[in-house]
Amino acid sequence: MDLPASVTALGEQLGGTGEIVPDAALFSEAAVFAAERERIFAQPWIAADHVTRLAENGRYFRFDADSRSIIVTRDDEGRLHALRNVCIHAGYPVCDAEEGAAERLMCPYHGWEYALDGRLVEPELSSRIDPARLRMTRYPVSVRDGLLFVAPSPGPVSDESIAGPLPAWLADGKVTKRASYNTTWNWKLLGSRPPLFFAESLNGQDSCLEFGPLSRITINSERALLLRVIPRFAERTDLQVIEIAAPDTSPEMSPPVASDPVADVLGRAGVPSSSELGREFFSWYWSLMSPT
């Protein structure tokens with residue numbers, strides 16, 4: 001698809017040395033968002049959760065990666081699978097639950113059933129049909145230092161591109177909180193705000209690693225906060241924050257239950273301005289959107 005005018009204009013500005021002043025349409029136009037879905041949001045990898053979310057065989061959980069709903073499962077042999085949450089029959093979501101345990105996944109629309117690796121098991125269709133067509137779309141899965149990664153991309157990918165290294169304690173870390181938030185911000189405007197979210201939750205010598213364009217982790221020797229950015233529309237972005245504590249962290253080191261620094265920041269922050277995004281961000285953005 002051709003790039004919208006606001007995107008090509010950004011590329012022209014980056015070719016010069018002056019201040020970058022993006023067109024407002026870059027943050028609100030549906031055509032821009034559609035181009036970003038095609039060129040950016042499918043980039044590998046996304047850090048979906050901590051691996052302890054699937055600590056037992058037969059477990060599954062569902063998460064969103066922009067417009068895609070993805071189910072991550074652990075089958076009865078302990079193998080992990082990432083499946084697009086779409087029935088091959090009528091395109092209906094197979095799973096509405098956020099997480100659970102099951103031997104099979106059943107689409108509520110017409111009752112088609114799938115094994116936890118995505119194979120269609122009911123109804124039993126003609127053997128003349130290519131078995132590769134009788135399964136849910138699969139995505140690559142990788143586990144690195146206790147984090148579970150999914151690559152919602154159409155082609156083969158290598159997990160060597162996953163950022164690292166991460167502290168050794170993370171593999172044995174304990175998830176202490178999962179929380180979701182809604183904003184009316186364009187996803188790009190969050191590029192200047194994650195450090196504010198984490199400033200009150202982590203103390204000293206924090207490091208930040210980005211996993212693709214839609215997930216990042218801020219971490220120190222005792223705690224970590226995994227942030228997933230979920231673009232819904234041009235002017236709506238959801239967030240999921242997963243807090244992880246080192247295995248030897250005492251309860252006294254954990255934030256009070258009533259404390260929610262992310263909600264506090266979102267509640268008192270005004271709408272971010274594009275002026276908070278610098279040339280470095282826009283150069284990164286253009287590198288992914290550019291046709292060459």
# chains A, B, ... in the order shown; residues from 1 in each chain; ligands from 1
>>> select_by_dssp(residues="stretch 73-240 of chain A", states="strand (DSSP E or B)", output="number ranges by chain")
A: 73-74, 80-84, 99-101, 104-106, 113-115, 119-122, 135, 138-139, 141-144, 147-150, 174-183, 207-211, 215-219, 223-233, 236-240
>>> residues_around(residues="A:Arg223", least_positions_apart="4", cutoff="7 Å", atoms="only C-alpha atoms", output="ChimeraX atom specification")
/A:202,219,244-246
>>> write_last_selection(atoms="C-alpha atoms", output="PDB file, in the first residue's frame")
ATOM      1  CA  LEU A 202      11.858   0.755  40.510  1.00  0.00           C
ATOM      2  CA  ILE A 219      14.548  -4.056  35.324  1.00  0.00           C
ATOM      3  CA  ILE A 244       7.946  -9.441  38.423  1.00  0.00           C
ATOM      4  CA  ALA A 245       9.924  -9.745  41.658  1.00  0.00           C
ATOM      5  CA  ALA A 246      13.230 -11.520  42.162  1.00  0.00           C
TER       6      ALA A 246
END
>>> select_by_dssp(residues="stretch 73-231 of chain A", states="alpha helix (DSSP H)", output="PDB file with N, CA and C atoms, in the first residue's frame")
ATOM      1  N   PRO A 194       6.878   5.808  28.954  1.00  0.00           N
ATOM      2  CA  PRO A 194       7.154   4.657  29.826  1.00  0.00           C
ATOM      3  C   PRO A 194       8.100   4.926  30.979  1.00  0.00           C
ATOM      4  N   PRO A 195       9.195   5.705  30.823  1.00  0.00           N
ATOM      5  CA  PRO A 195      10.046   5.946  31.994  1.00  0.00           C
ATOM      6  C   PRO A 195       9.289   6.578  33.166  1.00  0.00           C
ATOM      7  N   LEU A 196       8.291   7.429  32.856  1.00  0.00           N
ATOM      8  CA  LEU A 196       7.497   8.023  33.928  1.00  0.00           C
ATOM      9  C   LEU A 196       6.688   6.967  34.658  1.00  0.00           C
ATOM     10  N   PHE A 197       6.172   5.992  33.912  1.00  0.00           N
ATOM     11  CA  PHE A 197       5.377   4.942  34.533  1.00  0.00           C
ATOM     12  C   PHE A 197       6.195   4.173  35.573  1.00  0.00           C
ATOM     13  N   PHE A 198       7.475   3.976  35.259  1.00  0.00           N
ATOM     14  CA  PHE A 198       8.276   3.084  36.072  1.00  0.00           C
ATOM     15  C   PHE A 198       9.074   3.798  37.160  1.00  0.00           C
ATOM     16  N   ALA A 199       9.160   5.106  37.085  1.00  0.00           N
ATOM     17  CA  ALA A 199      10.059   5.826  37.983  1.00  0.00           C
ATOM     18  C   ALA A 199       9.720   5.600  39.445  1.00  0.00           C
TER      19      ALA A 199
END
>>> residues_around(residues="A:Pro4", least_positions_apart="6", cutoff="9 Å", atoms="only C-alpha atoms", output="NGL selection string")
:A and (26 or 29 or 31-32 or 35)
>>> write_last_selection(atoms="N, CA and C atoms", output="mmCIF file, in the first residue's frame")
data_model
loop_
_atom_site.group_PDB
_atom_site.id
_atom_site.type_symbol
_atom_site.label_atom_id
_atom_site.label_comp_id
_atom_site.auth_asym_id
_atom_site.auth_seq_id
_atom_site.Cartn_x
_atom_site.Cartn_y
_atom_site.Cartn_z
ATOM 1 N N LEU A 26 -0.406 12.253 11.382
ATOM 2 C CA LEU A 26 0.436 11.094 11.686
ATOM 3 C C LEU A 26 -0.039 10.377 12.948
ATOM 4 N N GLU A 29 -4.808 9.663 11.779
ATOM 5 C CA GLU A 29 -5.402 9.218 10.518
ATOM 6 C C GLU A 29 -5.473 7.697 10.438
ATOM 7 N N ALA A 31 -5.592 5.839 7.823
ATOM 8 C CA ALA A 31 -4.707 5.298 6.792
ATOM 9 C C ALA A 31 -3.284 5.117 7.318
ATOM 10 N N VAL A 32 -2.846 6.021 8.188
ATOM 11 C CA VAL A 32 -1.524 5.878 8.800
ATOM 12 C C VAL A 32 -1.501 4.644 9.695
ATOM 13 N N ALA A 35 -1.239 1.485 7.701
ATOM 14 C CA ALA A 35 0.122 1.254 7.203
ATOM 15 C C ALA A 35 1.038 0.774 8.311
#
>>> atom_distance(atom1="atom CA of A:Gly118", atom2="atom CA of A:Ile217")
29.5 Å
>>> closest_residue(among="A:Ser180, A:Ser67, A:Asn220, A:Ser142", to="A:Glu38", atoms="only C-alpha atoms")
A:Ser67
>>> atom_distance(atom1="atom CA of A:Lys188", atom2="atom CA of A:Val86")
27.7 Å
>>> closest_residue(among="A:Ala168, A:Leu189, A:Met1, A:Leu277", to="A:Pro247", atoms="only C-alpha atoms")
A:Ala168
>>> residues_around(residues="A:Arg138", least_positions_apart="3", cutoff="10 Å", atoms="only C-alpha atoms", output="PDB file with all heavy atoms, in the first residue's frame")
ATOM      1  N   ILE A  70      -4.268 -13.581  20.225  1.00  0.00           N
ATOM      2  CA  ILE A  70      -3.391 -14.753  20.158  1.00  0.00           C
ATOM      3  C   ILE A  70      -3.575 -15.595  21.413  1.00  0.00           C
ATOM      4  O   ILE A  70      -3.639 -15.062  22.531  1.00  0.00           O
ATOM      5  CB  ILE A  70      -1.915 -14.328  20.007  1.00  0.00           C
ATOM      6  CG1 ILE A  70      -1.721 -13.564  18.682  1.00  0.00           C
ATOM      7  CG2 ILE A  70      -0.982 -15.538  20.070  1.00  0.00           C
ATOM      8  CD1 ILE A  70      -0.343 -12.970  18.513  1.00  0.00           C
ATOM      9  N   ILE A  71      -3.684 -16.906  21.227  1.00  0.00           N
ATOM     10  CA  ILE A  71      -3.755 -17.848  22.345  1.00  0.00           C
ATOM     11  C   ILE A  71      -2.408 -18.554  22.454  1.00  0.00           C
ATOM     12  O   ILE A  71      -1.895 -19.082  21.460  1.00  0.00           O
ATOM     13  CB  ILE A  71      -4.851 -18.905  22.130  1.00  0.00           C
ATOM     14  CG1 ILE A  71      -6.184 -18.256  21.744  1.00  0.00           C
ATOM     15  CG2 ILE A  71      -5.024 -19.759  23.380  1.00  0.00           C
ATOM     16  CD1 ILE A  71      -7.224 -19.263  21.264  1.00  0.00           C
ATOM     17  N   VAL A  72      -1.835 -18.551  23.643  1.00  0.00           N
ATOM     18  CA  VAL A  72      -0.598 -19.292  23.898  1.00  0.00           C
ATOM     19  C   VAL A  72      -0.953 -20.481  24.775  1.00  0.00           C
ATOM     20  O   VAL A  72      -1.602 -20.329  25.814  1.00  0.00           O
ATOM     21  CB  VAL A  72       0.467 -18.415  24.567  1.00  0.00           C
ATOM     22  CG1 VAL A  72       1.773 -19.188  24.710  1.00  0.00           C
ATOM     23  CG2 VAL A  72       0.696 -17.135  23.764  1.00  0.00           C
ATOM     24  N   HIS A  81       2.725 -23.397  22.224  1.00  0.00           N
ATOM     25  CA  HIS A  81       2.188 -23.046  20.914  1.00  0.00           C
ATOM     26  C   HIS A  81       1.545 -21.669  20.998  1.00  0.00           C
ATOM     27  O   HIS A  81       0.925 -21.325  22.007  1.00  0.00           O
ATOM     28  CB  HIS A  81       1.143 -24.070  20.456  1.00  0.00           C
ATOM     29  CG  HIS A  81       1.593 -25.486  20.521  1.00  0.00           C
ATOM     30  ND1 HIS A  81       2.283 -26.106  19.513  1.00  0.00           N
ATOM     31  CD2 HIS A  81       1.469 -26.421  21.523  1.00  0.00           C
ATOM     32  CE1 HIS A  81       2.553 -27.354  19.844  1.00  0.00           C
ATOM     33  NE2 HIS A  81       2.078 -27.568  21.068  1.00  0.00           N
ATOM     34  N   ALA A  82       1.699 -20.888  19.937  1.00  0.00           N
ATOM     35  CA  ALA A  82       1.009 -19.602  19.829  1.00  0.00           C
ATOM     36  C   ALA A  82       0.093 -19.679  18.616  1.00  0.00           C
ATOM     37  O   ALA A  82       0.542 -19.976  17.500  1.00  0.00           O
ATOM     38  CB  ALA A  82       2.007 -18.459  19.673  1.00  0.00           C
ATOM     39  N   LEU A  83      -1.189 -19.433  18.829  1.00  0.00           N
ATOM     40  CA  LEU A  83      -2.209 -19.646  17.808  1.00  0.00           C
ATOM     41  C   LEU A  83      -3.036 -18.375  17.624  1.00  0.00           C
ATOM     42  O   LEU A  83      -3.410 -17.725  18.604  1.00  0.00           O
ATOM     43  CB  LEU A  83      -3.146 -20.788  18.223  1.00  0.00           C
ATOM     44  CG  LEU A  83      -2.486 -22.085  18.686  1.00  0.00           C
ATOM     45  CD1 LEU A  83      -3.519 -23.007  19.323  1.00  0.00           C
ATOM     46  CD2 LEU A  83      -1.802 -22.786  17.511  1.00  0.00           C
ATOM     47  N   ARG A  84      -3.317 -18.051  16.384  1.00  0.00           N
ATOM     48  CA  ARG A  84      -4.214 -16.931  16.147  1.00  0.00           C
ATOM     49  C   ARG A  84      -5.620 -17.330  16.578  1.00  0.00           C
ATOM     50  O   ARG A  84      -6.122 -18.408  16.216  1.00  0.00           O
ATOM     51  CB  ARG A  84      -4.213 -16.521  14.676  1.00  0.00           C
ATOM     52  CG  ARG A  84      -5.015 -15.243  14.444  1.00  0.00           C
ATOM     53  CD  ARG A  84      -4.841 -14.691  13.059  1.00  0.00           C
ATOM     54  NE  ARG A  84      -5.515 -13.402  12.953  1.00  0.00           N
ATOM     55  CZ  ARG A  84      -5.590 -12.689  11.843  1.00  0.00           C
ATOM     56  NH1 ARG A  84      -5.016 -13.124  10.734  1.00  0.00           N
ATOM     57  NH2 ARG A  84      -6.225 -11.528  11.836  1.00  0.00           N
ATOM     58  N   ASN A  85      -6.252 -16.475  17.342  1.00  0.00           N
ATOM     59  CA  ASN A  85      -7.541 -16.794  17.961  1.00  0.00           C
ATOM     60  C   ASN A  85      -8.680 -16.603  16.970  1.00  0.00           C
ATOM     61  O   ASN A  85      -9.572 -15.757  17.162  1.00  0.00           O
ATOM     62  CB  ASN A  85      -7.730 -15.911  19.204  1.00  0.00           C
ATOM     63  CG  ASN A  85      -8.962 -16.288  20.003  1.00  0.00           C
ATOM     64  OD1 ASN A  85      -9.478 -17.399  19.900  1.00  0.00           O
ATOM     65  ND2 ASN A  85      -9.441 -15.351  20.804  1.00  0.00           N
ATOM     66  N   ASP A 117      -2.403 -27.703  20.129  1.00  0.00           N
ATOM     67  CA  ASP A 117      -1.416 -27.291  19.131  1.00  0.00           C
ATOM     68  C   ASP A 117      -2.069 -26.674  17.903  1.00  0.00           C
ATOM     69  O   ASP A 117      -1.399 -26.377  16.913  1.00  0.00           O
ATOM     70  CB  ASP A 117      -0.525 -28.466  18.719  1.00  0.00           C
ATOM     71  CG  ASP A 117      -1.289 -29.582  18.021  1.00  0.00           C
ATOM     72  OD1 ASP A 117      -2.529 -29.464  17.855  1.00  0.00           O
ATOM     73  OD2 ASP A 117      -0.656 -30.587  17.641  1.00  0.00           O
ATOM     74  N   GLY A 118      -3.397 -26.483  17.948  1.00  0.00           N
ATOM     75  CA  GLY A 118      -4.102 -25.814  16.871  1.00  0.00           C
ATOM     76  C   GLY A 118      -4.732 -26.718  15.833  1.00  0.00           C
ATOM     77  O   GLY A 118      -5.421 -26.239  14.925  1.00  0.00           O
ATOM     78  N   ARG A 135      -6.081 -26.361  10.554  1.00  0.00           N
ATOM     79  CA  ARG A 135      -5.504 -25.963  11.828  1.00  0.00           C
ATOM     80  C   ARG A 135      -5.521 -24.443  11.939  1.00  0.00           C
ATOM     81  O   ARG A 135      -5.586 -23.720  10.948  1.00  0.00           O
ATOM     82  CB  ARG A 135      -4.081 -26.490  11.986  1.00  0.00           C
ATOM     83  CG  ARG A 135      -3.066 -25.965  10.998  1.00  0.00           C
ATOM     84  CD  ARG A 135      -1.661 -26.526  11.273  1.00  0.00           C
ATOM     85  NE  ARG A 135      -1.329 -26.391  12.672  1.00  0.00           N
ATOM     86  CZ  ARG A 135      -1.059 -27.432  13.467  1.00  0.00           C
ATOM     87  NH1 ARG A 135      -1.078 -28.659  12.998  1.00  0.00           N
ATOM     88  NH2 ARG A 135      -0.783 -27.227  14.738  1.00  0.00           N
ATOM     89  N   VAL A 141       7.213 -19.279  18.761  1.00  0.00           N
ATOM     90  CA  VAL A 141       7.275 -19.047  20.209  1.00  0.00           C
ATOM     91  C   VAL A 141       8.711 -19.283  20.667  1.00  0.00           C
ATOM     92  O   VAL A 141       9.397 -20.181  20.166  1.00  0.00           O
ATOM     93  CB  VAL A 141       6.345 -20.009  20.978  1.00  0.00           C
ATOM     94  CG1 VAL A 141       6.366 -19.693  22.464  1.00  0.00           C
ATOM     95  CG2 VAL A 141       4.936 -19.955  20.445  1.00  0.00           C
ATOM     96  N   ALA A 151       6.206 -14.208  17.952  1.00  0.00           N
ATOM     97  CA  ALA A 151       6.499 -13.412  16.760  1.00  0.00           C
ATOM     98  C   ALA A 151       5.288 -13.455  15.829  1.00  0.00           C
ATOM     99  O   ALA A 151       5.115 -14.425  15.084  1.00  0.00           O
ATOM    100  CB  ALA A 151       7.734 -13.956  16.039  1.00  0.00           C
ATOM    101  N   PRO A 152       4.424 -12.435  15.869  1.00  0.00           N
ATOM    102  CA  PRO A 152       3.220 -12.441  15.029  1.00  0.00           C
ATOM    103  C   PRO A 152       3.517 -12.007  13.606  1.00  0.00           C
ATOM    104  O   PRO A 152       2.928 -11.071  13.079  1.00  0.00           O
ATOM    105  CB  PRO A 152       2.319 -11.433  15.752  1.00  0.00           C
ATOM    106  CG  PRO A 152       3.280 -10.449  16.324  1.00  0.00           C
ATOM    107  CD  PRO A 152       4.507 -11.236  16.706  1.00  0.00           C
ATOM    108  N   SER A 153       4.467 -12.699  12.975  1.00  0.00           N
ATOM    109  CA  SER A 153       4.901 -12.323  11.634  1.00  0.00           C
ATOM    110  C   SER A 153       4.681 -13.492  10.687  1.00  0.00           C
ATOM    111  O   SER A 153       4.708 -14.656  11.104  1.00  0.00           O
ATOM    112  CB  SER A 153       6.377 -11.920  11.652  1.00  0.00           C
ATOM    113  OG  SER A 153       7.151 -12.877  12.347  1.00  0.00           O
ATOM    114  N   PRO A 154       4.464 -13.220   9.401  1.00  0.00           N
ATOM    115  CA  PRO A 154       4.101 -14.281   8.468  1.00  0.00           C
ATOM    116  C   PRO A 154       5.234 -15.220   8.087  1.00  0.00           C
ATOM    117  O   PRO A 154       5.003 -16.370   7.744  1.00  0.00           O
ATOM    118  CB  PRO A 154       3.603 -13.506   7.241  1.00  0.00           C
ATOM    119  CG  PRO A 154       4.286 -12.183   7.334  1.00  0.00           C
ATOM    120  CD  PRO A 154       4.409 -11.893   8.794  1.00  0.00           C
TER     121      PRO A 154
END
>>> closest_residue(among="A:Thr73, A:Ser6, A:Asn186, A:Ser215", to="A:Cys95", atoms="only C-alpha atoms")
A:Thr73
>>> residues_around(residues="A:Leu288", least_positions_apart="4", cutoff="8 Å", atoms="only C-alpha atoms", output="list in words")
Arg39, Ile40 and Trp284 of chain A
>>> write_last_selection(atoms="C-alpha atoms", output="PDB file, in the first residue's frame")
ATOM      1  CA  ARG A  39       4.832  -2.503   8.417  1.00  0.00           C
ATOM      2  CA  ILE A  40       5.477  -2.189  12.159  1.00  0.00           C
ATOM      3  CA  TRP A 284      13.491   4.672  13.874  1.00  0.00           C
TER       4      TRP A 284
END
>>> residues_around(residues="A:Phe282", least_positions_apart="4", cutoff="8 Å", atoms="only C-alpha atoms", output="mmCIF file with N, CA and C atoms, in the first residue's frame")
data_model
loop_
_atom_site.group_PDB
_atom_site.id
_atom_site.type_symbol
_atom_site.label_atom_id
_atom_site.label_comp_id
_atom_site.auth_asym_id
_atom_site.auth_seq_id
_atom_site.Cartn_x
_atom_site.Cartn_y
_atom_site.Cartn_z
ATOM 1 N N LEU A 10 7.166 13.217 6.622
ATOM 2 C CA LEU A 10 8.115 12.997 7.707
ATOM 3 C C LEU A 10 9.462 12.552 7.147
ATOM 4 N N LEU A 14 13.180 14.328 7.594
ATOM 5 C CA LEU A 14 14.346 13.632 8.135
ATOM 6 C C LEU A 14 15.549 13.731 7.203
ATOM 7 N N LEU A 277 8.746 13.796 21.156
ATOM 8 C CA LEU A 277 9.430 12.784 20.361
ATOM 9 C C LEU A 277 10.500 13.461 19.517
ATOM 10 N N GLY A 278 11.702 12.956 19.567
ATOM 11 C CA GLY A 278 12.814 13.596 18.871
ATOM 12 C C GLY A 278 13.158 12.941 17.554
ATOM 13 N N TRP A 286 10.671 5.917 10.704
ATOM 14 C CA TRP A 286 10.789 5.984 9.241
ATOM 15 C C TRP A 286 11.533 4.770 8.696
#
>>> atom_distance(atom1="atom CA of A:Asp49", atom2="atom CA of A:Asp75")
17.3 Å
